[in-house]
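Working notes for the structure below.
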Amino acid sequence: MKILIAGGAGYIGAVLVPKLLDRGYEVDVLDLFWFGNHLPPETGIIKKDIFEINAQDLEPYQQVVFLAGLSNDPMAEYSPSENFIFNAAAPAYLAYIAKKAHVKRYVYACSCSVYGYTDNELFDEERPVSSSYPYGISKLQGEQAVMNLQGEDFSVISLRKGTVSGYSPRMRLDLIVNTMFKNGVRNREITVNNPSIWRPILSIEDATNGYVRAIEASDRISGIFNIASGNYTVGEVGDLVKMAIEEQLGFRVHLTINHKQDFRNYKVSIQKAENVLSFHPNHDVKSIVRNLIEHMDKFQDWDNPQYYNIETLKLLAAGGLRAVAEVSR
Ligand SMILES: NC(=O)c1ccc[n+]([C@@H]2O[C@H](COP(=O)([O-])OP(=O)(O)OC[C@H]3O[C@@H](n4cnc5c(N)ncnc54)[C@H](O)[C@@H]3O)[C@@H](O)[C@H]2O)c1
């Protein structure tokens, strides 16, 4: 089977692509390479913007996975207009041409941030969504557009992911557990901005296994699925990262607790993904920290702007985001 992954050179793609190659799939990555190329040499590389691709280009593929766009709130707020193009129009256009090209399945990278600020109840996929910020609104618009295209010969699966964390060859240090880990190791201090808010946390291994489950699901399956390794309050995540660093690296870490307002608060049920996709997470915060420690020699240049999406975006913005980035490895 031949799979195209748009945005496959990013944080999630750099772990997913080797897994798919290991399983014998042929994988091409279509990407602007904002964060360089950290993919295995066997990967097919297409250095283009999604909007430069047409239906004919997609004819060789059985599946298309969308992992592109502006992938967090700070990026979306830096340029709300680009955000709506990259996060709402691009996935809709790619799904539209994929269907025209008779691709069998489209997998869309959605986010649990579509749930916005909830009342501490467990949300399943039937619950109303209510984000009022550019990132969450655009991820929902992308989802609505691609889900509307599903049909008998075109399966569409949307994975609403919790905040992903853990090591990837294309590393990010702007994701909750990774940020706390960096601060704990580098400054021996972890700051928790609001201990009471809830976040579904998703280890990068569970996240990429979720994509494998979606890609390998029966052709008849379409739908929206929450995926997470577990629901935690941010205060608990701080405690768990502190304990894991102290246990595994042997030094003390100080915890600073603030009580700042946040506009996202949600916990999600993953029962549908367990029942329909056979998605069963195997990781927790402690094992995410273990995974970070195993690889920490590879990202100790802590201030590298490539580890912080908003920093890279600011550097790229002057040259235009739609051009292929000239970033070395
Ligand atoms: N990382 C998370 O915690 C998380 C959680 C929920 C949802 N998501 C979603 O999952 C997807 C992947 O996240 P990530 O952390 O791997 O992102 P990332 O920022 O690491 O990578 C995104 C990649 O997409 C490419 N790209 C962006 N727009 C493009 C375009 N128009 N054409 C071609 N390439 C383009 C970039 O060059 C980059 O390599 C995103 O859609 C994000 O919104 C991520």
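Here's how to read the names in the structure tokens: chain A, B, ... by the order shown, residue numbers from 1 in each chain, ligand numbers from 1 in the order shown.
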| message | Report as a VMD selection string all protein, DNA and RNA residues lying within 10 Å of Ser132 of chain A, evaluated on only C-alpha atoms, omitting residues in the same chain fewer than 5 positions from it. | response | chain A and resid 114 to 117 137 to 138 263 to 264
Written file, previous selection with C-alpha atoms, as an mmCIF file, in the first residue's frame:
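The result, stored in out12.cif:
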data_model
loop_
_atom_site.group_PDB
_atom_site.id
_atom_site.type_symbol
_atom_site.label_atom_id
_atom_site.label_comp_id
_atom_site.auth_asym_id
_atom_site.auth_seq_id
_atom_site.Cartn_x
_atom_site.Cartn_y
_atom_site.Cartn_z
ATOM 1 C CA VAL A 114 -12.060 21.657 19.794
ATOM 2 C CA TYR A 115 -13.754 21.005 23.176
ATOM 3 C CA GLY A 116 -12.687 24.420 24.529
ATOM 4 C CA TYR A 117 -13.473 25.119 28.186
ATOM 5 C CA ILE A 137 -12.032 26.860 15.524
ATOM 6 C CA SER A 138 -9.861 26.019 12.513
ATOM 7 C CA PHE A 263 -9.098 28.991 28.036
ATOM 8 C CA ARG A 264 -8.830 25.232 27.601
#
Excluding Gln306 of chain A and any residue of its chain fewer than 4 positions from it, enumerate the residues within 10 Å of it, using only C-alpha atoms, and give them as a compact mmCIF listing (two decimals) with N, CA, C and O atoms, in the first residue's frame.
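And here is the file that came out, out_30.txt:
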# COMPACT_ATOMS: atom_id res chain seq x y z
N TRP A 34 9.47 23.00 7.29
CA TRP A 34 9.73 24.13 8.20
C TRP A 34 10.76 23.77 9.27
O TRP A 34 11.48 24.62 9.76
N PHE A 35 10.78 22.49 9.67
CA PHE A 35 11.65 22.08 10.78
C PHE A 35 12.74 21.13 10.31
O PHE A 35 13.29 20.35 11.09
N GLY A 36 13.09 21.17 9.02
CA GLY A 36 14.13 20.30 8.48
C GLY A 36 13.59 18.93 8.13
O GLY A 36 12.38 18.67 8.18
N ARG A 170 12.28 14.83 15.13
CA ARG A 170 12.00 16.27 14.91
C ARG A 170 11.39 16.72 16.24
O ARG A 170 10.19 16.55 16.47
N MET A 171 12.25 17.22 17.11
CA MET A 171 11.84 17.41 18.50
C MET A 171 11.04 18.70 18.70
O MET A 171 11.27 19.69 18.01
N ARG A 172 10.08 18.65 19.63
CA ARG A 172 9.37 19.86 20.09
C ARG A 172 9.51 19.97 21.61
O ARG A 172 9.30 18.99 22.32
N LEU A 173 9.86 21.17 22.09
CA LEU A 173 9.92 21.39 23.54
C LEU A 173 8.82 22.36 23.98
O LEU A 173 8.89 22.94 25.06
N TRP A 302 18.96 23.21 24.10
CA TRP A 302 17.60 23.52 24.55
C TRP A 302 16.99 24.74 23.84
O TRP A 302 15.79 24.84 23.74
N ILE A 310 6.56 28.35 17.55
CA ILE A 310 6.31 29.77 17.36
C ILE A 310 7.62 30.49 16.98
O ILE A 310 7.59 31.42 16.16
N GLU A 311 8.74 30.06 17.52
CA GLU A 311 10.02 30.72 17.19
C GLU A 311 10.37 30.47 15.72
O GLU A 311 10.79 31.37 15.00
N THR A 312 10.18 29.24 15.26
CA THR A 312 10.47 28.92 13.86
C THR A 312 9.50 29.67 12.94
O THR A 312 9.92 30.21 11.92
N LEU A 313 8.24 29.74 13.34
CA LEU A 313 7.25 30.45 12.51
C LEU A 313 7.67 31.92 12.32
O LEU A 313 7.61 32.45 11.22
N LEU A 315 10.64 33.13 12.40
CA LEU A 315 11.80 33.20 11.52
C LEU A 315 11.40 33.00 10.06
O LEU A 315 11.95 33.62 9.15
N VAL A 327 15.90 24.92 5.55
CA VAL A 327 16.45 24.64 6.87
C VAL A 327 17.33 23.42 6.77
O VAL A 327 16.94 22.41 6.20
| message | When DSSP is applied to the backbone of this structure, which of segment 108-237 of chain A are assigned alpha helix (DSSP H)? Write them out as a PyMOL selection string. | response | chain A and resi 134-147+176-186+204-216+234-237
| message | Quick one: residues within 7 Å of segment 190-201 of chain A, only C-alpha atoms, excluding same-chain residues fewer than 5 positions away - as number ranges by chain? | response | A: 162-164, 180, 183-184, 228-235, 238, 254-261, 265-268
Residues within 10 Å of segment 79-94 of chain A, please, as a CSV table (one decimal) with all heavy atoms, in the first residue's frame. Count only C-alpha atoms; anything in the same chain fewer than 2 positions from it doesn't count.
chain,number,residue,atom,x,y,z
A,6,ALA,N,0.9,14.3,4.3
A,6,ALA,CA,1.1,15.7,4.2
A,6,ALA,C,1.5,16.2,5.6
A,6,ALA,O,0.7,16.0,6.6
A,6,ALA,CB,-0.2,16.4,3.7
A,49,ASP,N,4.0,22.8,-1.2
A,49,ASP,CA,2.8,23.2,-0.4
A,49,ASP,C,1.6,22.3,-0.8
A,49,ASP,O,1.5,21.9,-2.0
A,49,ASP,CB,2.6,24.7,-0.7
A,49,ASP,CG,1.3,25.2,0.0
A,49,ASP,OD1,0.9,24.6,1.0
A,49,ASP,OD2,0.9,26.3,-0.4
A,50,ILE,N,0.7,22.0,0.1
A,50,ILE,CA,-0.5,21.2,-0.2
A,50,ILE,C,-1.2,21.8,-1.4
A,50,ILE,O,-1.7,21.1,-2.3
A,50,ILE,CB,-1.4,21.1,1.0
A,50,ILE,CG1,-0.8,20.2,2.1
A,50,ILE,CG2,-2.8,20.7,0.6
A,50,ILE,CD1,-1.4,20.2,3.4
A,51,PHE,N,-1.3,23.1,-1.5
A,51,PHE,CA,-2.1,23.7,-2.6
A,51,PHE,C,-1.4,23.6,-3.9
A,51,PHE,O,-2.0,23.9,-4.9
A,51,PHE,CB,-2.3,25.2,-2.2
A,51,PHE,CG,-3.3,25.4,-1.1
A,51,PHE,CD1,-2.8,25.8,0.2
A,51,PHE,CD2,-4.6,25.1,-1.2
A,51,PHE,CE1,-3.7,25.9,1.2
A,51,PHE,CE2,-5.5,25.3,-0.1
A,51,PHE,CZ,-5.0,25.7,1.1
A,53,ILE,N,-0.5,20.7,-5.1
A,53,ILE,CA,-0.8,19.3,-5.5
A,53,ILE,C,-2.2,19.3,-6.1
A,53,ILE,O,-3.1,20.0,-5.7
A,53,ILE,CB,-0.8,18.4,-4.2
A,53,ILE,CG1,0.6,18.4,-3.6
A,53,ILE,CG2,-1.4,17.1,-4.4
A,53,ILE,CD1,1.6,17.6,-4.4
A,54,ASN,N,-2.4,18.4,-7.2
A,54,ASN,CA,-3.7,18.3,-7.7
A,54,ASN,C,-4.2,16.8,-7.7
A,54,ASN,O,-3.4,15.9,-7.2
A,54,ASN,CB,-3.8,18.8,-9.1
A,54,ASN,CG,-2.8,18.1,-10.1
A,54,ASN,OD1,-2.6,16.9,-10.0
A,54,ASN,ND2,-2.1,18.9,-10.9
A,55,ALA,N,-5.4,16.6,-8.1
A,55,ALA,CA,-6.0,15.2,-7.9
A,55,ALA,C,-5.1,14.2,-8.6
A,55,ALA,O,-4.9,13.1,-8.1
A,55,ALA,CB,-7.4,15.2,-8.5
A,58,LEU,N,-2.4,12.6,-6.7
A,58,LEU,CA,-2.8,11.6,-5.6
A,58,LEU,C,-3.3,10.3,-6.1
A,58,LEU,O,-3.5,9.4,-5.3
A,58,LEU,CB,-3.9,12.3,-4.8
A,58,LEU,CG,-3.5,13.6,-4.1
A,58,LEU,CD1,-4.7,14.0,-3.2
A,58,LEU,CD2,-2.3,13.4,-3.2
A,64,VAL,N,-4.3,8.8,2.3
A,64,VAL,CA,-3.7,10.1,2.5
A,64,VAL,C,-3.9,10.5,4.0
A,64,VAL,O,-5.0,10.4,4.5
A,64,VAL,CB,-4.3,11.2,1.6
A,64,VAL,CG1,-3.8,12.6,1.9
A,64,VAL,CG2,-4.0,10.9,0.1
A,65,VAL,N,-2.8,10.9,4.6
A,65,VAL,CA,-2.9,11.4,6.0
A,65,VAL,C,-2.5,12.8,6.1
A,65,VAL,O,-1.5,13.3,5.5
A,65,VAL,CB,-1.9,10.5,6.9
A,65,VAL,CG1,-1.9,11.0,8.3
A,65,VAL,CG2,-2.2,9.0,6.8
A,66,PHE,N,-3.3,13.6,6.8
A,66,PHE,CA,-3.1,15.0,6.9
A,66,PHE,C,-2.5,15.3,8.3
A,66,PHE,O,-3.1,15.1,9.4
A,66,PHE,CB,-4.4,15.9,6.8
A,66,PHE,CG,-4.1,17.4,7.0
A,66,PHE,CD1,-3.9,18.2,6.0
A,66,PHE,CD2,-4.2,17.9,8.3
A,66,PHE,CE1,-3.6,19.6,6.1
A,66,PHE,CE2,-4.0,19.3,8.5
A,66,PHE,CZ,-3.7,20.1,7.4
A,67,LEU,N,-1.2,15.7,8.4
A,67,LEU,CA,-0.5,16.0,9.6
A,67,LEU,C,0.1,17.5,9.5
A,67,LEU,O,1.0,17.8,10.3
A,67,LEU,CB,0.7,15.1,9.9
A,67,LEU,CG,0.4,13.7,10.4
A,67,LEU,CD1,1.7,12.9,10.5
A,67,LEU,CD2,-0.4,13.6,11.7
A,68,ALA,N,-0.4,18.3,8.6
A,68,ALA,CA,0.2,19.6,8.4
A,68,ALA,C,-0.5,20.7,9.1
A,68,ALA,O,-1.3,20.4,10.0
A,68,ALA,CB,0.1,19.8,6.9
A,69,GLY,N,-0.2,21.9,8.8
A,69,GLY,CA,-0.8,23.1,9.4
A,69,GLY,C,0.0,23.8,10.5
A,69,GLY,O,1.1,23.4,10.7
A,70,LEU,N,-0.7,24.7,11.1
A,70,LEU,CA,-0.1,25.4,12.2
A,70,LEU,C,-0.5,24.7,13.5
A,70,LEU,O,-1.7,24.6,13.8
A,70,LEU,CB,-0.5,26.9,12.3
A,70,LEU,CG,-0.3,27.8,11.1
A,70,LEU,CD1,-0.7,29.2,11.4
A,70,LEU,CD2,1.2,27.7,10.6
A,71,SER,N,0.4,24.1,14.2
A,71,SER,CA,0.0,23.0,15.1
A,71,SER,C,-0.1,23.4,16.6
A,71,SER,O,0.0,22.6,17.5
A,71,SER,CB,1.0,21.8,15.0
A,71,SER,OG,2.3,22.3,14.9
A,72,ASN,N,-0.2,24.7,16.9
A,72,ASN,CA,-0.6,25.1,18.3
A,72,ASN,C,-1.2,26.5,18.3
A,72,ASN,O,-1.3,27.2,17.3
A,72,ASN,CB,0.6,24.9,19.2
A,72,ASN,CG,1.7,25.9,19.0
A,72,ASN,OD1,1.6,26.8,18.2
A,72,ASN,ND2,2.9,25.7,19.6
A,73,ASP,N,-1.7,26.8,19.5
A,73,ASP,CA,-2.4,28.1,19.7
A,73,ASP,C,-1.5,29.3,19.4
A,73,ASP,O,-1.9,30.2,18.7
A,73,ASP,CB,-2.9,28.2,21.2
A,73,ASP,CG,-4.2,27.4,21.3
A,73,ASP,OD1,-5.2,27.7,20.7
A,73,ASP,OD2,-4.1,26.4,22.1
A,74,PRO,N,-0.2,29.3,20.0
A,74,PRO,CA,0.6,30.5,19.7
A,74,PRO,C,0.8,30.8,18.2
A,74,PRO,O,0.8,31.9,17.7
A,74,PRO,CB,1.9,30.2,20.4
A,74,PRO,CG,1.6,29.3,21.5
A,74,PRO,CD,0.4,28.4,20.9
A,75,MET,N,1.0,29.7,17.4
A,75,MET,CA,1.2,29.9,15.9
A,75,MET,C,-0.1,30.5,15.3
A,75,MET,O,-0.1,31.4,14.5
A,75,MET,CB,1.5,28.6,15.2
A,75,MET,CG,2.8,27.9,15.6
A,75,MET,SD,2.9,26.3,14.8
A,75,MET,CE,3.9,26.6,13.4
A,76,ALA,N,-1.2,29.9,15.7
A,76,ALA,CA,-2.5,30.3,15.2
A,76,ALA,C,-2.8,31.8,15.5
A,76,ALA,O,-3.3,32.5,14.7
A,76,ALA,CB,-3.6,29.4,15.7
A,77,GLU,N,-2.4,32.2,16.7
A,77,GLU,CA,-2.7,33.6,17.1
A,77,GLU,C,-1.7,34.5,16.5
A,77,GLU,O,-2.0,35.7,16.3
A,77,GLU,CB,-2.7,33.7,18.7
A,77,GLU,CG,-4.1,33.4,19.2
A,77,GLU,CD,-4.2,32.8,20.5
A,77,GLU,OE1,-3.5,33.2,21.4
A,77,GLU,OE2,-5.0,31.8,20.7
A,96,TYR,N,-10.7,16.8,-0.7
A,96,TYR,CA,-11.5,17.0,-1.9
A,96,TYR,C,-10.8,16.3,-3.1
A,96,TYR,O,-11.3,15.5,-3.8
A,96,TYR,CB,-11.8,18.5,-2.1
A,96,TYR,CG,-12.3,18.8,-3.5
A,96,TYR,CD1,-13.6,18.4,-3.9
A,96,TYR,CD2,-11.5,19.4,-4.5
A,96,TYR,CE1,-14.1,18.6,-5.1
A,96,TYR,CE2,-12.0,19.6,-5.7
A,96,TYR,CZ,-13.3,19.2,-6.1
A,96,TYR,OH,-13.7,19.5,-7.3
A,97,ILE,N,-9.5,16.7,-3.2
A,97,ILE,CA,-8.7,16.1,-4.4
A,97,ILE,C,-8.4,14.6,-4.2
A,97,ILE,O,-8.4,13.8,-5.1
A,97,ILE,CB,-7.5,16.9,-4.8
A,97,ILE,CG1,-6.5,17.0,-3.6
A,97,ILE,CG2,-7.8,18.2,-5.4
A,97,ILE,CD1,-5.1,17.6,-4.1
A,98,ALA,N,-8.3,14.2,-2.9
A,98,ALA,CA,-8.1,12.7,-2.6
A,98,ALA,C,-9.3,11.9,-3.0
A,98,ALA,O,-9.2,10.9,-3.6
A,98,ALA,CB,-7.8,12.5,-1.1
A,99,LYS,N,-10.5,12.5,-2.7
A,99,LYS,CA,-11.7,11.7,-3.1
A,99,LYS,C,-11.8,11.7,-4.6
A,99,LYS,O,-12.1,10.6,-5.2
A,99,LYS,CB,-12.9,12.4,-2.5
A,99,LYS,CG,-14.2,11.7,-2.7
A,99,LYS,CD,-15.3,12.3,-1.9
A,99,LYS,CE,-16.6,11.4,-2.2
A,99,LYS,NZ,-17.7,11.9,-1.4
A,100,LYS,N,-11.5,12.8,-5.3
A,100,LYS,CA,-11.5,12.8,-6.8
A,100,LYS,C,-10.6,11.8,-7.4
A,100,LYS,O,-10.8,11.2,-8.4
A,100,LYS,CB,-11.1,14.2,-7.3
A,100,LYS,CG,-12.3,15.1,-7.6
A,100,LYS,CD,-11.8,16.4,-8.1
A,100,LYS,CE,-12.0,16.5,-9.6
A,100,LYS,NZ,-11.8,17.9,-10.1
A,106,TYR,N,-8.9,8.8,4.1
A,106,TYR,CA,-8.2,10.0,4.5
A,106,TYR,C,-8.2,10.1,6.0
A,106,TYR,O,-9.3,9.9,6.6
A,106,TYR,CB,-9.0,11.2,3.9
A,106,TYR,CG,-8.4,12.6,4.0
A,106,TYR,CD1,-7.5,13.0,3.1
A,106,TYR,CD2,-8.8,13.4,5.1
A,106,TYR,CE1,-6.9,14.3,3.2
A,106,TYR,CE2,-8.2,14.7,5.2
A,106,TYR,CZ,-7.3,15.1,4.2
A,106,TYR,OH,-6.8,16.4,4.4
A,107,VAL,N,-7.0,10.3,6.6
A,107,VAL,CA,-6.9,10.4,8.0
A,107,VAL,C,-6.5,11.8,8.4
A,107,VAL,O,-5.5,12.3,7.9
A,107,VAL,CB,-5.9,9.4,8.6
A,107,VAL,CG1,-5.9,9.4,10.1
A,107,VAL,CG2,-6.2,8.0,8.1
A,108,TYR,N,-7.3,12.4,9.2
A,108,TYR,CA,-7.2,13.8,9.6
A,108,TYR,C,-6.7,14.0,11.0
A,108,TYR,O,-7.3,13.4,11.9
A,108,TYR,CB,-8.5,14.5,9.4
A,108,TYR,CG,-8.5,16.0,9.9
A,108,TYR,CD1,-7.7,16.9,9.3
A,108,TYR,CD2,-9.4,16.3,10.9
A,108,TYR,CE1,-7.8,18.3,9.7
A,108,TYR,CE2,-9.4,17.6,11.4
A,108,TYR,CZ,-8.6,18.6,10.8
A,108,TYR,OH,-8.6,19.9,11.3
A,109,ALA,N,-5.7,14.9,11.2
A,109,ALA,CA,-5.1,15.1,12.5
A,109,ALA,C,-5.9,16.2,13.2
A,109,ALA,O,-5.6,17.4,13.1
A,109,ALA,CB,-3.7,15.6,12.4
A,110,CYS,N,-6.9,15.8,14.0
A,110,CYS,CA,-7.7,16.8,14.7
A,110,CYS,C,-7.1,16.9,16.1
A,110,CYS,O,-6.1,16.3,16.5
A,110,CYS,CB,-9.2,16.5,14.7
A,110,CYS,SG,-10.2,17.9,15.2
A,133,TYR,N,-11.2,30.1,19.9
A,133,TYR,CA,-9.9,30.7,19.6
A,133,TYR,C,-9.5,30.1,18.2
A,133,TYR,O,-9.9,29.0,17.9
A,133,TYR,CB,-8.9,30.3,20.7
A,133,TYR,CG,-9.2,31.1,21.9
A,133,TYR,CD1,-10.1,30.6,22.9
A,133,TYR,CD2,-8.6,32.3,22.2
A,133,TYR,CE1,-10.4,31.3,24.0
A,133,TYR,CE2,-9.0,33.1,23.3
A,133,TYR,CZ,-9.9,32.6,24.2
A,133,TYR,OH,-10.2,33.3,25.3
A,134,PRO,N,-8.6,30.9,17.5
A,134,PRO,CA,-8.3,30.5,16.1
A,134,PRO,C,-7.9,29.0,15.9
A,134,PRO,O,-8.4,28.4,15.0
A,134,PRO,CB,-7.2,31.4,15.7
A,134,PRO,CG,-7.3,32.6,16.6
A,134,PRO,CD,-7.9,32.1,17.9
A,135,TYR,N,-7.0,28.5,16.8
A,135,TYR,CA,-6.6,27.1,16.5
A,135,TYR,C,-7.7,26.1,16.6
A,135,TYR,O,-8.0,25.4,15.7
A,135,TYR,CB,-5.5,26.8,17.5
A,135,TYR,CG,-4.9,25.4,17.4
A,135,TYR,CD1,-4.1,25.0,16.3
A,135,TYR,CD2,-5.2,24.4,18.3
A,135,TYR,CE1,-3.6,23.7,16.1
A,135,TYR,CE2,-4.7,23.1,18.1
A,135,TYR,CZ,-3.9,22.8,17.0
A,135,TYR,OH,-3.4,21.5,16.9
A,136,GLY,N,-8.5,26.2,17.7
A,136,GLY,CA,-9.6,25.2,18.0
A,136,GLY,C,-10.7,25.4,16.9
A,136,GLY,O,-11.2,24.4,16.4
A,137,ILE,N,-11.0,26.6,16.5
A,137,ILE,CA,-12.0,26.9,15.5
A,137,ILE,C,-11.6,26.2,14.2
A,137,ILE,O,-12.3,25.5,13.5
A,137,ILE,CB,-12.3,28.4,15.3
A,137,ILE,CG1,-12.8,29.0,16.6
A,137,ILE,CG2,-13.3,28.6,14.2
A,137,ILE,CD1,-12.8,30.6,16.5
A,138,SER,N,-10.3,26.5,13.8
A,138,SER,CA,-9.9,26.0,12.5
A,138,SER,C,-9.7,24.5,12.5
A,138,SER,O,-10.0,23.9,11.4
A,138,SER,CB,-8.5,26.7,12.1
A,138,SER,OG,-7.5,26.3,13.0
A,139,LYS,N,-9.3,23.9,13.6
A,139,LYS,CA,-9.2,22.4,13.6
A,139,LYS,C,-10.6,21.8,13.4
A,139,LYS,O,-10.8,20.8,12.8
A,139,LYS,CB,-8.6,21.9,14.9
A,139,LYS,CG,-7.1,22.3,15.1
A,139,LYS,CD,-6.2,21.9,14.0
A,139,LYS,CE,-5.8,20.4,13.9
A,139,LYS,NZ,-4.8,20.2,12.8
A,140,LEU,N,-11.6,22.5,14.0
A,140,LEU,CA,-13.0,22.0,13.9
A,140,LEU,C,-13.5,22.2,12.4
A,140,LEU,O,-14.1,21.3,11.9
A,140,LEU,CB,-13.9,22.7,14.9
A,140,LEU,CG,-15.3,22.3,14.9
A,140,LEU,CD1,-15.4,20.8,15.3
A,140,LEU,CD2,-16.1,23.1,15.9
A,141,GLN,N,-13.2,23.3,11.9
A,141,GLN,CA,-13.6,23.6,10.5
A,141,GLN,C,-13.0,22.5,9.6
A,141,GLN,O,-13.7,22.0,8.7
A,141,GLN,CB,-13.1,25.0,10.0
A,141,GLN,CG,-14.0,26.1,10.6
A,141,GLN,CD,-13.5,27.4,10.1
A,141,GLN,OE1,-12.3,27.7,10.0
A,141,GLN,NE2,-14.4,28.3,9.6
A,142,GLY,N,-11.7,22.3,9.8
A,142,GLY,CA,-11.0,21.2,8.9
A,142,GLY,C,-11.8,19.9,9.1
A,142,GLY,O,-12.0,19.2,8.1
A,143,GLU,N,-12.1,19.6,10.3
A,143,GLU,CA,-12.7,18.3,10.6
A,143,GLU,C,-14.1,18.2,9.9
A,143,GLU,O,-14.5,17.2,9.3
A,143,GLU,CB,-12.9,18.1,12.1
A,143,GLU,CG,-13.5,16.7,12.4
A,143,GLU,CD,-13.6,16.5,13.9
A,143,GLU,OE1,-14.6,17.1,14.5
A,143,GLU,OE2,-12.8,15.8,14.5
A,144,GLN,N,-14.9,19.3,10.1
A,144,GLN,CA,-16.2,19.3,9.5
A,144,GLN,C,-16.2,19.1,8.0
A,144,GLN,O,-16.9,18.4,7.4
A,144,GLN,CB,-17.0,20.6,9.9
A,144,GLN,CG,-17.4,20.5,11.3
A,144,GLN,CD,-17.9,21.9,11.8
A,144,GLN,OE1,-17.6,22.9,11.3
A,144,GLN,NE2,-18.6,21.9,12.9
A,145,ALA,N,-15.2,19.8,7.4
A,145,ALA,CA,-15.1,19.8,5.9
A,145,ALA,C,-14.7,18.3,5.4
A,145,ALA,O,-15.3,17.8,4.5
A,145,ALA,CB,-14.0,20.8,5.4
A,146,VAL,N,-13.7,17.7,6.1
A,146,VAL,CA,-13.3,16.4,5.6
A,146,VAL,C,-14.3,15.3,6.0
A,146,VAL,O,-14.6,14.4,5.1
A,146,VAL,CB,-11.9,16.0,6.1
A,146,VAL,CG1,-10.9,17.1,5.7
A,146,VAL,CG2,-11.8,15.8,7.6
A,147,MET,N,-15.0,15.4,7.1
A,147,MET,CA,-16.0,14.4,7.5
A,147,MET,C,-17.2,14.5,6.5
A,147,MET,O,-17.8,13.5,6.2
A,147,MET,CB,-16.5,14.6,8.9
A,147,MET,CG,-15.5,14.3,10.0
A,147,MET,SD,-14.5,12.8,9.9
A,147,MET,CE,-15.7,11.5,9.9
A,148,ASN,N,-17.5,15.7,6.0
A,148,ASN,CA,-18.6,15.8,5.0
A,148,ASN,C,-18.3,15.1,3.7
A,148,ASN,O,-19.3,14.8,3.0
A,148,ASN,CB,-18.9,17.3,4.7
A,148,ASN,CG,-19.7,17.9,5.8
A,148,ASN,OD1,-20.4,17.2,6.6
A,148,ASN,ND2,-19.6,19.2,5.9
A,149,LEU,N,-17.1,14.8,3.5
A,149,LEU,CA,-16.7,14.1,2.2
A,149,LEU,C,-16.8,12.6,2.3
A,149,LEU,O,-16.7,11.9,1.3
A,149,LEU,CB,-15.3,14.5,1.7
A,149,LEU,CG,-15.2,16.0,1.3
A,149,LEU,CD1,-13.8,16.4,1.1
A,149,LEU,CD2,-16.0,16.2,0.0
A,313,LEU,N,8.2,29.7,13.3
A,313,LEU,CA,7.3,30.4,12.5
A,313,LEU,C,7.7,31.9,12.3
A,313,LEU,O,7.6,32.4,11.2
A,313,LEU,CB,5.9,30.4,13.2
A,313,LEU,CG,4.7,31.0,12.3
A,313,LEU,CD1,4.3,30.0,11.2
A,313,LEU,CD2,3.5,31.3,13.2
A,314,LYS,N,8.1,32.5,13.4
A,314,LYS,CA,8.5,34.0,13.3
A,314,LYS,C,9.7,34.1,12.4
A,314,LYS,O,9.8,35.1,11.6
A,314,LYS,CB,8.9,34.5,14.7
A,314,LYS,CG,7.7,34.8,15.6
A,314,LYS,CD,8.2,35.3,16.9
A,314,LYS,CE,7.0,35.4,17.9
A,314,LYS,NZ,7.4,35.6,19.3
A,317,ALA,N,8.3,33.5,8.8
A,317,ALA,CA,7.2,34.4,8.3
A,317,ALA,C,7.7,35.5,7.3
A,317,ALA,O,7.0,35.7,6.3
A,317,ALA,CB,6.5,35.1,9.5
A,321,LEU,N,5.2,31.8,4.4
A,321,LEU,CA,5.1,30.4,4.9
A,321,LEU,C,4.9,29.3,3.8
A,321,LEU,O,5.1,28.2,4.1
A,321,LEU,CB,3.9,30.3,5.9
A,321,LEU,CG,4.1,31.1,7.2
A,321,LEU,CD1,2.9,31.0,8.1
A,321,LEU,CD2,5.4,30.5,8.0
A,322,ARG,N,4.4,29.8,2.7
A,322,ARG,CA,4.1,28.8,1.6
A,322,ARG,C,5.3,28.3,0.8
A,322,ARG,O,5.1,27.5,0.0
A,322,ARG,CB,3.0,29.4,0.7
A,322,ARG,CG,1.8,29.9,1.5
A,322,ARG,CD,0.8,28.9,1.8
A,322,ARG,NE,0.1,28.4,0.5
A,322,ARG,CZ,-0.8,29.1,-0.1
A,322,ARG,NH1,-1.3,30.2,0.4
A,322,ARG,NH2,-1.3,28.6,-1.2
| task | If you run DSSP over the backbone, which residues in segment 172-271 of chain A end up strand (DSSP E or B)? Put them as an MDAnalysis selection string. | result | chainID A and resid 189:192 198:203 223:227 230:233 254:257 265:268
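Closest approach to ligand 1 among A:Glu294, A:Asp124, A:Glu326, A:Asp22 is made by A:Glu326 (distances from only C-alpha atoms and all ligand atoms).
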| request: Tell me which of A:Phe181, A:Asn37, A:Phe154, A:Leu30 sits closest to Glu246 of chain A, counting only C-alpha atoms. | output: A:Phe181
| Leaving out Ala273 of chain A and any residue of its chain fewer than 2 positions from it, which residues lie within 9 Å of it when counting only C-alpha atoms, given as a list in words? |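 Returned residues: Leu159, Gly210, Ile224, Phe225, Asn226, Ile227, Ser269, Ile270, Gln271, Asn275, Val276, Leu277, Ser278, Phe279 and His280 of chain A.
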| Nearest to Tyr167 of chain A, chosen from A:Arg213, A:Lys298, A:Arg186, A:Arg127, with only C-alpha atoms counted in the distances | A:Lys298
| One-decimal distance in Å that lies between atom CA of Glu52 of chain A and atom 34 (N, counted along the ligand's line) of ligand 1 |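 So the answer is 10.5 Å.
As for atom CA of Leu175 of chain A and atom CA of Gly7 of chain A, they are spaced 17.8 Å apart.
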| field | Of the listed residues A:Val177, A:Ile45, A:Met243, A:Ile5, that which approaches Leu20 of chain A most closely, counting only C-alpha atoms | value |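 Under the stated criterion, the closest residue is A:Ile5.
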| task | In Å, rounded to a single decimal, give me how far atom CA of Leu39 of chain A is from atom CA of Tyr78 of chain A. | result | 27.8 Å
| remark: Of A:Thr179, A:Asn282, A:Thr118, A:Asn309, the one nearest to ligand 1 when counting only C-alpha atoms and all ligand atoms is A:Asn309
